[in-house]
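Colleague: Starting off with a structure, shown below.
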Amino acid sequence: MEILIAIIVGTLTAGGIFLALKGRTFPVVIGLTLLAYAVNLFLFATGRLFINQATIIQDGITQYADPIPQALVLTAIVISFGMTAFVIVLSLKAYGEYKSDHVDCLEEEEK
Amino acid sequence: MNIATILPLLIPILAAIVTLFASKASLSQKRIASMLFMVMLISSTVYALYALSIQDYFVYTLGNWEAPFGIVLVLDKLSIILLITTALLSLGALWYSISAQYDVVGANFHPLFWLQIFGINGAFLTGDIFNLFVFFEILLLASYNLLLHGQGKGRTKAGLHYVIINLVGSTLFLFGIGILYGVFGTLNIADLSLKISQMSPNDVSLVASAGLLLLVVFGLKAAFFPLYLWLPSAYSKTSAPVATLFAIMTKVGLYSIIRVHGTLFGTNANELAFYYTPWVFWIGILTLIMGTFGVMSAKDLRTQVAYVVLVSVATLLVALGINSTGSINGALYYMVHSTLLAGGFFLVADMIANSRGTIGAVITKGPNFRYIISLGSLFFAFGIAVAGLPPLSGFIGKLMILQGAITYSMWGVAFTAILISSLLVVISLAKSGSQIFYDTNKERSDISYEITLHHFYPIFLLVSIAPLMVLFAHPITNFIELATNAFFDPTAYIEAVLGINLAKDIV
């Protein structure tokens, strides 16, 4: 399971960085979203990967799932959700203002 | 628990809520409310300063959850220096935005302004690294909106770049935090510092990489090479009071380097003790070079001032990289000076741009305009202050940094870079000044821009900091030395936050 999670985080990060370096706002937004997914998964895994661990303190149980990373992920999801919404609106505004979806707001080249 | 710790957070958030929900209130009522809250904020920081003369650390446990399990706010000498600077700078920015009517060009200026201060003050007060991330996001979200506030040419493009690079930065921040939590199982800065001093040798490289990831994130906020490219366009395209407030934003990044890296990888960190300083030093030198080139090549006065901010950041990075008692003293002194003066400089540049009419702040031969003598004198005062010429405070700050650099192995590089950059900044500012104020056409600019005395008051407030910091240099440096001593010995910080006695509890 560790290897699977590691591969998923790595793939998401690589894809996210590749797309974030693109010249158009739409792939950049998708890239930022992928990066956010990657980091959420990564944060989740910092509490170690367990299956069927108790979450609430009970008698006779010594191993518990770590609740802190779950709280951190929840916070990170909310923040990245808000930020993504903001960057989408901003890209739309830039498109409306410059009639171009290029991140540098360049004029469309003649094809 | 002392209320002085939480007041600098409660007042801005209360102000934001009041100004947001008072949408029915008239403009003047909102302005009066905003100014009243500003007075309260300044009084609360003064009270906190007074409280710190009695006790070294004030720890406020939010929700009464003890550290390291809950989130704590920590008020100490380092954070109060930045809190007072923020309060003074935001007073200048708010005052100018009211007198120059910048708060009416778009909706909700006051709530956004206060949320920005809330985020900045929170970043200065928190003792928890994830909470630092949250406050970073608060101040960033407010700054995205303030940057775009009121529309303007090129503002959307600058905003898009700023938002995207900061989103990538936030992701890196979370990766850094994740690694630290994965290794140590704690997020409290003091507890992390304690655990790093006892860490097993297997974890050293992992923790070192997490520390450098965090350095990249803080460096992005502080705008160091090569992550500074967003700064000049963002600062020069936005409205003047917002640019003034943004002058503290780069210092949030620098403060985070001092606080997080200084505590985590400070004197207690064994082989990782101050391992980040060579990076900071060389990046600082590169930033200094690029910033100075920027000042020399700028075609617009506002861009030039933005690059002056970059030069001051670079000087501070060099001082942090040298990392001697003297250079940290100098850095803290210079940080206060450069924030307030660069902030005021944006206001002067804005008044010049508005007075000159269509030509704006472009550095070229232009029309004569009203108040050319007063604005020119102010430009002169700000110019010598930010360039670091005597008799104003920039000189003392740079002198202290250079004095601290003498014992450093690369002192030659530091001296050459800082002195040549100061010289080139002086020359460039003199050139822009002479082109704007001396090389003028006969006829007046026909712009009907009304300048009243109210425009000048906030600028006077900010420029008066420079002579005041010289007059009271002795008490200020005495206070700063206490903060520097705490920086080089984080034991007292750790003991205060965790409520333990290191010598007794851990042998």
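Chain labels follow the order of the structure tokens: the first chain is A, the next B, and so on; residue numbering restarts at 1 in every chain, and ligands are counted from 1 in their shown order.
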Identify every residue of chain A that has at least one atom within 7 Å of any atom of chain B, counting only C-alpha atoms, and report the result as number ranges by chain.
Modeller: A: 32, 35-36, 39, 43, 46-47, 87, 90, 94, 104-105
Colleague: Could you pull out the alpha helix (DSSP H) residues of range 1-110 of chain A from DSSP and send them as a compact mmCIF listing (two decimals) with C-alpha atoms, in the first residue's frame?
Modeller:
# COMPACT_ATOMS: atom_id res chain seq x y z
CA GLU A 2 2.89 2.37 0.80
CA ILE A 3 4.35 1.94 -2.67
CA LEU A 4 0.97 2.49 -4.30
CA ILE A 5 0.40 5.72 -2.35
CA ALA A 6 3.93 6.90 -3.12
CA ILE A 7 3.44 6.27 -6.85
CA ILE A 8 0.10 8.07 -6.84
CA VAL A 9 1.52 11.10 -5.01
CA GLY A 10 4.52 11.17 -7.34
CA THR A 11 2.41 10.89 -10.49
CA LEU A 12 -0.01 13.57 -9.36
CA THR A 13 2.85 15.93 -8.46
CA ALA A 14 4.65 15.34 -11.75
CA GLY A 15 1.46 15.86 -13.74
CA GLY A 16 0.60 18.91 -11.67
CA ILE A 17 3.99 20.56 -12.19
CA PHE A 18 3.95 19.74 -15.92
CA LEU A 19 0.52 21.29 -16.37
CA ALA A 20 1.29 24.28 -14.13
CA THR A 25 -4.66 29.29 -17.92
CA PHE A 26 -6.89 26.20 -18.18
CA PRO A 27 -4.06 23.61 -17.95
CA VAL A 28 -2.46 25.71 -15.22
CA VAL A 29 -5.62 25.57 -13.12
CA ILE A 30 -5.88 21.80 -13.67
CA GLY A 31 -2.20 21.49 -12.73
CA LEU A 32 -2.73 23.43 -9.51
CA THR A 33 -5.67 21.16 -8.69
CA LEU A 34 -3.55 18.05 -9.26
CA LEU A 35 -0.83 19.50 -7.01
CA ALA A 36 -3.42 20.11 -4.33
CA TYR A 37 -4.63 16.49 -4.62
CA ALA A 38 -1.07 15.25 -4.36
CA VAL A 39 -0.33 17.25 -1.24
CA ASN A 40 -3.61 16.23 0.39
CA LEU A 41 -2.80 12.59 -0.14
CA PHE A 42 0.73 13.17 1.10
CA LEU A 43 -0.49 14.88 4.28
CA PHE A 44 -2.94 12.04 4.82
CA ALA A 45 -0.12 9.51 4.60
CA PRO A 67 -6.48 12.18 13.79
CA ILE A 68 -4.22 15.21 13.24
CA PRO A 69 -3.36 14.57 9.56
CA GLN A 70 -7.06 14.13 8.85
CA ALA A 71 -7.75 17.53 10.39
CA LEU A 72 -4.86 19.02 8.42
CA VAL A 73 -6.13 17.52 5.18
CA LEU A 74 -9.60 18.87 5.86
CA THR A 75 -8.15 22.37 6.32
CA ALA A 76 -5.94 22.02 3.25
CA ILE A 77 -8.86 20.82 1.11
CA VAL A 78 -11.04 23.75 2.12
CA ILE A 79 -8.26 26.26 1.46
CA SER A 80 -7.22 24.77 -1.89
CA PHE A 81 -10.88 24.58 -2.93
CA GLY A 82 -11.35 28.28 -2.21
CA MET A 83 -8.11 29.23 -3.90
CA THR A 84 -8.95 27.17 -7.00
CA ALA A 85 -12.33 28.85 -7.25
CA PHE A 86 -10.60 32.21 -7.00
CA VAL A 87 -8.02 31.43 -9.66
CA ILE A 88 -10.73 30.19 -12.05
CA VAL A 89 -12.66 33.44 -11.68
CA LEU A 90 -9.47 35.42 -12.13
CA SER A 91 -8.55 33.50 -15.30
CA LEU A 92 -12.03 34.15 -16.69
CA LYS A 93 -11.62 37.83 -15.89
CA ALA A 94 -8.24 37.87 -17.62
CA TYR A 95 -9.80 36.15 -20.64
CA GLY A 96 -12.57 38.70 -20.75
CA GLU A 97 -10.17 41.59 -20.39
CA TYR A 98 -7.42 40.58 -22.79
Colleague: Separation of CA of Phe380 in chain B and CA of Leu340 in chain B, in Å?
Modeller: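 Between CA of Phe380 in chain B and CA of Leu340 in chain B the gap is 15.8 Å.
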Colleague: Smallest atom-to-atom distance to Ala381 in chain B: which of B:Ala430, B:Leu498, B:Leu424, B:Leu27, using only C-alpha atoms?
Modeller: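 Nearest candidate to Ala381 in chain B out of B:Ala430, B:Leu498, B:Leu424, B:Leu27: B:Ala430.
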Colleague: Got a sec: who's within 12 Å of range 29-43 of chain B, counting only C-alpha atoms, leaving out chain neighbours fewer than 6 positions off, as a PyMOL selection string?
Modeller: chain B and resi 4-23+49-50+80+83-99+101-104+108-114+117-118+121
Colleague: Filtering to N, CA and C atoms, could you give me those residues as a compact mmCIF listing (two decimals), in the first residue's frame?
Modeller:
# COMPACT_ATOMS: atom_id res chain seq x y z
N ALA B 4 -2.91 40.83 25.97
CA ALA B 4 -2.08 41.55 25.00
C ALA B 4 -1.72 40.67 23.81
N THR B 5 -1.70 39.35 24.03
CA THR B 5 -1.32 38.45 22.95
C THR B 5 -2.40 38.32 21.90
N ILE B 6 -3.65 38.34 22.33
CA ILE B 6 -4.73 38.05 21.39
C ILE B 6 -5.34 39.33 20.80
N LEU B 7 -5.14 40.47 21.48
CA LEU B 7 -5.77 41.71 21.00
C LEU B 7 -5.35 42.09 19.57
N PRO B 8 -4.06 41.99 19.20
CA PRO B 8 -3.70 42.34 17.82
C PRO B 8 -4.35 41.44 16.78
N LEU B 9 -4.95 40.33 17.20
CA LEU B 9 -5.71 39.50 16.26
C LEU B 9 -7.20 39.81 16.32
N LEU B 10 -7.70 40.04 17.54
CA LEU B 10 -9.14 40.26 17.70
C LEU B 10 -9.58 41.57 17.07
N ILE B 11 -8.75 42.61 17.21
CA ILE B 11 -9.16 43.92 16.72
C ILE B 11 -9.32 43.92 15.19
N PRO B 12 -8.34 43.40 14.42
CA PRO B 12 -8.54 43.39 12.96
C PRO B 12 -9.73 42.55 12.52
N ILE B 13 -9.95 41.38 13.13
CA ILE B 13 -11.04 40.53 12.66
C ILE B 13 -12.38 41.17 13.01
N LEU B 14 -12.42 41.82 14.19
CA LEU B 14 -13.64 42.54 14.57
C LEU B 14 -13.89 43.70 13.62
N ALA B 15 -12.81 44.41 13.28
CA ALA B 15 -12.94 45.54 12.36
C ALA B 15 -13.43 45.07 11.00
N ALA B 16 -12.90 43.92 10.54
CA ALA B 16 -13.33 43.41 9.24
C ALA B 16 -14.81 43.06 9.28
N ILE B 17 -15.25 42.43 10.36
CA ILE B 17 -16.66 42.02 10.44
C ILE B 17 -17.56 43.25 10.50
N VAL B 18 -17.17 44.23 11.34
CA VAL B 18 -18.01 45.42 11.50
C VAL B 18 -18.11 46.17 10.18
N THR B 19 -16.96 46.38 9.50
CA THR B 19 -17.01 47.16 8.25
C THR B 19 -17.69 46.37 7.14
N LEU B 20 -17.67 45.04 7.22
CA LEU B 20 -18.33 44.24 6.19
C LEU B 20 -19.85 44.30 6.36
N PHE B 21 -20.30 44.14 7.60
CA PHE B 21 -21.75 44.05 7.81
C PHE B 21 -22.40 45.42 7.91
N ALA B 22 -21.59 46.46 8.04
CA ALA B 22 -22.17 47.79 8.10
C ALA B 22 -22.32 48.34 6.69
N SER B 23 -22.84 47.50 5.77
CA SER B 23 -22.90 47.94 4.37
C SER B 23 -23.90 49.08 4.19
N LEU B 49 3.77 45.96 24.07
CA LEU B 49 5.17 46.34 24.27
C LEU B 49 5.45 46.59 25.74
N TYR B 50 4.48 47.29 26.39
CA TYR B 50 4.64 47.56 27.82
C TYR B 50 4.65 46.25 28.61
N ILE B 80 6.78 41.47 18.58
CA ILE B 80 6.23 42.81 18.85
C ILE B 80 6.87 43.85 17.92
N LEU B 83 4.89 43.59 14.87
CA LEU B 83 3.50 44.03 15.08
C LEU B 83 3.40 45.54 15.08
N ILE B 84 4.36 46.20 15.75
CA ILE B 84 4.32 47.67 15.81
C ILE B 84 4.56 48.24 14.41
N THR B 85 5.51 47.63 13.68
CA THR B 85 5.77 48.09 12.32
C THR B 85 4.51 47.98 11.47
N THR B 86 3.83 46.83 11.56
CA THR B 86 2.60 46.63 10.79
C THR B 86 1.56 47.68 11.15
N ALA B 87 1.41 47.94 12.46
CA ALA B 87 0.38 48.88 12.89
C ALA B 87 0.65 50.28 12.34
N LEU B 88 1.93 50.72 12.42
CA LEU B 88 2.26 52.06 11.92
C LEU B 88 2.07 52.14 10.41
N LEU B 89 2.53 51.10 9.71
CA LEU B 89 2.43 51.09 8.25
C LEU B 89 0.97 51.09 7.82
N SER B 90 0.14 50.29 8.50
CA SER B 90 -1.25 50.22 8.08
C SER B 90 -1.98 51.51 8.43
N LEU B 91 -1.54 52.20 9.48
CA LEU B 91 -2.13 53.51 9.76
C LEU B 91 -1.86 54.45 8.59
N GLY B 92 -0.61 54.47 8.11
CA GLY B 92 -0.28 55.32 6.96
C GLY B 92 -1.09 54.94 5.74
N ALA B 93 -1.19 53.63 5.46
CA ALA B 93 -1.89 53.18 4.27
C ALA B 93 -3.38 53.51 4.34
N LEU B 94 -3.97 53.25 5.52
CA LEU B 94 -5.41 53.51 5.67
C LEU B 94 -5.70 55.01 5.54
N TRP B 95 -4.87 55.81 6.19
CA TRP B 95 -5.05 57.25 6.17
C TRP B 95 -4.99 57.77 4.74
N TYR B 96 -4.00 57.31 3.98
CA TYR B 96 -3.86 57.78 2.61
C TYR B 96 -5.02 57.29 1.75
N SER B 97 -5.45 56.05 1.96
CA SER B 97 -6.54 55.54 1.13
C SER B 97 -7.82 56.31 1.39
N ILE B 98 -7.97 56.83 2.63
CA ILE B 98 -9.15 57.64 2.92
C ILE B 98 -9.01 59.03 2.32
N SER B 99 -7.83 59.65 2.51
CA SER B 99 -7.70 61.03 2.05
C SER B 99 -7.61 61.11 0.53
N GLN B 101 -9.14 58.95 -1.46
CA GLN B 101 -10.37 58.32 -1.98
C GLN B 101 -10.12 56.98 -2.64
N TYR B 102 -9.08 56.24 -2.22
CA TYR B 102 -8.85 54.94 -2.84
C TYR B 102 -9.81 53.88 -2.32
N ASP B 103 -10.49 54.18 -1.21
CA ASP B 103 -11.37 53.16 -0.64
C ASP B 103 -12.76 53.18 -1.28
N VAL B 104 -13.01 54.11 -2.22
CA VAL B 104 -14.34 54.15 -2.83
C VAL B 104 -14.35 53.63 -4.27
N ASN B 108 -16.00 47.03 -0.65
CA ASN B 108 -15.41 46.29 0.47
C ASN B 108 -13.92 46.51 0.66
N PHE B 109 -13.45 47.73 0.48
CA PHE B 109 -12.02 47.96 0.71
C PHE B 109 -11.66 47.74 2.17
N HIS B 110 -12.47 48.31 3.07
CA HIS B 110 -12.10 48.25 4.49
C HIS B 110 -12.07 46.82 5.05
N PRO B 111 -13.10 45.98 4.78
CA PRO B 111 -12.99 44.60 5.29
C PRO B 111 -11.76 43.87 4.77
N LEU B 112 -11.44 44.04 3.48
CA LEU B 112 -10.28 43.35 2.92
C LEU B 112 -8.99 43.84 3.56
N PHE B 113 -8.93 45.16 3.76
CA PHE B 113 -7.75 45.76 4.39
C PHE B 113 -7.53 45.17 5.78
N TRP B 114 -8.63 45.04 6.53
CA TRP B 114 -8.50 44.53 7.90
C TRP B 114 -8.20 43.04 7.92
N ILE B 117 -4.55 42.67 7.50
CA ILE B 117 -3.81 42.91 8.75
C ILE B 117 -3.98 41.74 9.71
N PHE B 118 -5.19 41.16 9.71
CA PHE B 118 -5.44 39.99 10.56
C PHE B 118 -4.48 38.85 10.20
N ASN B 121 -0.76 39.89 11.19
CA ASN B 121 -0.53 39.82 12.64
C ASN B 121 -0.54 38.38 13.12
Colleague: Could you please determine the separation between CA of Leu212 in chain B and CA of Tyr307 in chain B in Å, to one decimal place?
Modeller: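 For CA of Leu212 in chain B relative to CA of Tyr307 in chain B, the distance reads 25.4 Å.
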Colleague: State, in Å with one decimal place, the distance from CA of Met400 in chain B to CA of Tyr275 in chain B.
Modeller: 23.3 Å
Colleague: Taking only C-alpha atoms into account, which of B:Gly344, B:Tyr47, B:Leu254, B:Thr61 comes nearest Tyr457 in chain B?
Modeller: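 Of B:Gly344, B:Tyr47, B:Leu254, B:Thr61, the one nearest Tyr457 in chain B, counting only C-alpha atoms, is B:Gly344.
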Colleague: What's the 12 Å shell around Tyr449 in chain B, counting only C-alpha atoms, without same-chain residues fewer than 5 positions away, as a PyMOL selection string?
Modeller: chain B and resi 100-101+350-358+369-371+455
Colleague: Given only C-alpha atoms as the basis, pick out the residue of A:Gly60, A:Phe50, A:Leu106, A:Asp66 nearest to Gly23 in chain A.
Modeller: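 Between A:Gly60, A:Phe50, A:Leu106, A:Asp66, the residue approaching Gly23 in chain A most closely is A:Leu106.
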Colleague: So that I can see what lies close to Ile396 in chain B, please list as a list in words the residues with an atom at most 9 Å from it, counting only C-alpha atoms and leaving out residues fewer than 5 positions away in the same chain.
Modeller: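 That gives Gly330, Tyr333, Tyr334, Gly388, Leu389, Pro390, Pro391, Ile401, Val470 and Ala473 of chain B.
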